[in-house]
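Asks: Could you have a look at this structure, given as structure tokens, before my questions?
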Amino acid sequence: MNETAKRARAAIDLAAVRSNVRALRGRAPRAELMAVVKSDGYGHGAVRCARAAREAGADWLGTALPEEAFALRAAGDTGRLMCWLWTPGGPWRTAVEQDIDVSVSGLWALREVIAAARACGRTARVQLKIDTGLGRNGCAPADWPELTAAARAAEADGALRITGVWSHFACADEPGHPSIAAQLTAFHEGLATAEAAGLRPEVRHIANTPALLTLPEAHFDLVRTGIGIYGISPSPEVGTSQELGLRPAMTLEAALASVKRVPGGHGVSYGHQYTTPGETTLALVPLGYADGIPRHASNGGPVLVAGKWRTVAGRIAMDQFVVDLGGDSAEPGDPAVLFGPGDRGEPTAEDWARVAGTIGYEIVTRIGTRVPRVYVDSDTRSTTEGDRTLTGGTA
């Protein structure tokens, strides 16, 4: 490990991000592709991953929060960019001024973005979202005719341009689930209503990563891929990362902080939920739930230490956890690999997800800011630390 990442680091392979984007584009060749980089690129670093995605041909970037979109603009990205999670009084004017496509799910939001556009004398780029069955954001179908008519009136007045109509699947990661067909039907109906109102959006989109992979009939004009560009499968039902032709981009590792021999019957960590079965060697990994390591993986989380898979011994604490090396030896400073692509024998984020009873998304996204991101590029064999400025997007 380098001088600035002695305790731990998350190494992000930008070549893997580019490869994943290309692989996913190949699954939907007739649609544009949006690389979703919300939540700091699912924990991988939004700016660096956005740049890699653009280099691989991503037509759009997507974020949840306005501040995430603004950060990409500040880093130099000038391409198509969409932001969808808004609350009343949000920074609409800044988004309009920065040519960010904003999502509108109701009349209150439409009114606010119209006011922002008029205040700055620019045309807002708006995408209307319909709730086809997920039950989160999105306009209720009963209110959709009113929203589309109001949006068309504002478009005719020059306040905005309806650039998209979109929705989101609830169960695309469960192929064959009856809600999938029902949502597709509802989306087609919503598109017909929007067309009848006079709207001609540039893009229509409903497909997330699992729908991109399994539902070509849902590709429309644009597909949105989040977890897939980071090389993680959206669900076991869809397939493993390897089966899907994706490569996990993040490798999480730490330097052992302590290695010691202890006798049998020695309690380990809080509550002594693990007791050594005999004389053994205990190694201390300086990562804990404050770094995003799930406490639910206590007594089970997999770690590669001294060339073998080990499991967490006892409870995961705030800053550290222990592994039992049995009869093997190690030295302080030796690497402990929590997860990575898996091709060197190390566990994957999906392995941790199974133990913790969660999903791979959560494992990578929750890795905290105490763990520095180090960017590697297996194509060029280069290594850098922290964010670098984007050189611009593709419009």
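Each chain of the structure tokens is named A, B, ... in the order shown, its residues numbered from 1; ligands are numbered from 1 in display order.
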Quick one: everything within 7 Å of Arg370 in chain A, counting only C-alpha atoms, minus sequence neighbours fewer than 2 positions away in the same chain. Send it as a list of chain:residue names.
Replies: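 Final neighbour list, sorted by chain and number: A:Asp291, A:Gly368, A:Pro372.
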Asks: Fewer than 4 positions away in the same chain doesn't count, so skip those; otherwise give me all residues within 8 Å of range 310-320 of chain A, counting only C-alpha atoms, as number ranges by chain.
Replies: A: 268-275, 284-291, 293-295, 297-305, 324-325
Asks: Give me every strand (DSSP E or B) residue in range 44-271 of chain A, going by DSSP on the backbone, as an MDAnalysis selection string.
Replies: chainID A and resid 60:63 80:83 101:104 124:130 139 160:166 203:205 207 222:225 250:255 258:262 267:268
Asks: Compile the contact shell of Ala192 in chain A as a list in words: residues with an atom at most 12 Å away, counting only C-alpha atoms, same-chain residues fewer than 5 positions apart removed.
Replies: Trp144, Pro145, Thr148, Val165, Thr185, Ala186, Phe187, Ala197, Gly198, Leu199, Arg200, Pro201 and Arg204 of chain A
Asks: Neighbouring residues of range 102-112 of chain A were defined as those with any atom within 8 Å, considering only C-alpha atoms; residues of the same chain fewer than 4 positions away were excluded. Please report them as a list in words.
Replies: Met82, Cys83, Trp84, Leu85, Trp86, Pro88, Gly89, Trp92, Ala95, Ala116, Arg125, Val126, Gln127, Leu128, Lys129, Ile130, Asn137, Gly138, Cys139, Leu147, Ala150 and Ala151 of chain A
Asks: What's around Arg80 in chain A at 12 Å? Count only C-alpha atoms, leave out sequence neighbours fewer than 5 positions away in its own chain, and write the answer as a ChimeraX atom specification.
Replies: /A:32-36,50,54,58-63,69,72-73,98-102,125,163,202-203,392-395
Asks: Could you check how far CA of Ala194 in chain A sits from CA of Thr132 in chain A, in Å to one decimal?
Replies: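 Taking CA of Ala194 in chain A as the start and CA of Thr132 in chain A as the end point, the length is 14.0 Å.
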Asks: Kindly indicate which residue among A:Arg51, A:Arg366, A:His188, A:Arg118 lies nearest to Ala159 in chain A, using only C-alpha atoms for the distances.
Replies: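 Under the stated criterion, the closest residue is A:Arg118.
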Asks: From a DSSP calculation on the backbone, collect every residue of range 100-182 of chain A in helix (DSSP H, G or I) and output the set as a VMD selection string.
Replies: chain A and resid 107 to 120 141 to 156 178 to 182
Asks: With distances taken over only C-alpha atoms, which of A:Arg161, A:His44, A:His219, A:Arg373 is nearest to Val96 in chain A?
Replies: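 Ranking A:Arg161, A:His44, A:His219, A:Arg373 by distance to Val96 in chain A, first place goes to A:Arg161.
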Asks: Write out as a count of residues only which residues come within 9 Å of Val259 in chain A when counting only C-alpha atoms, dropping same-chain ones fewer than 6 positions away.
Replies: 8
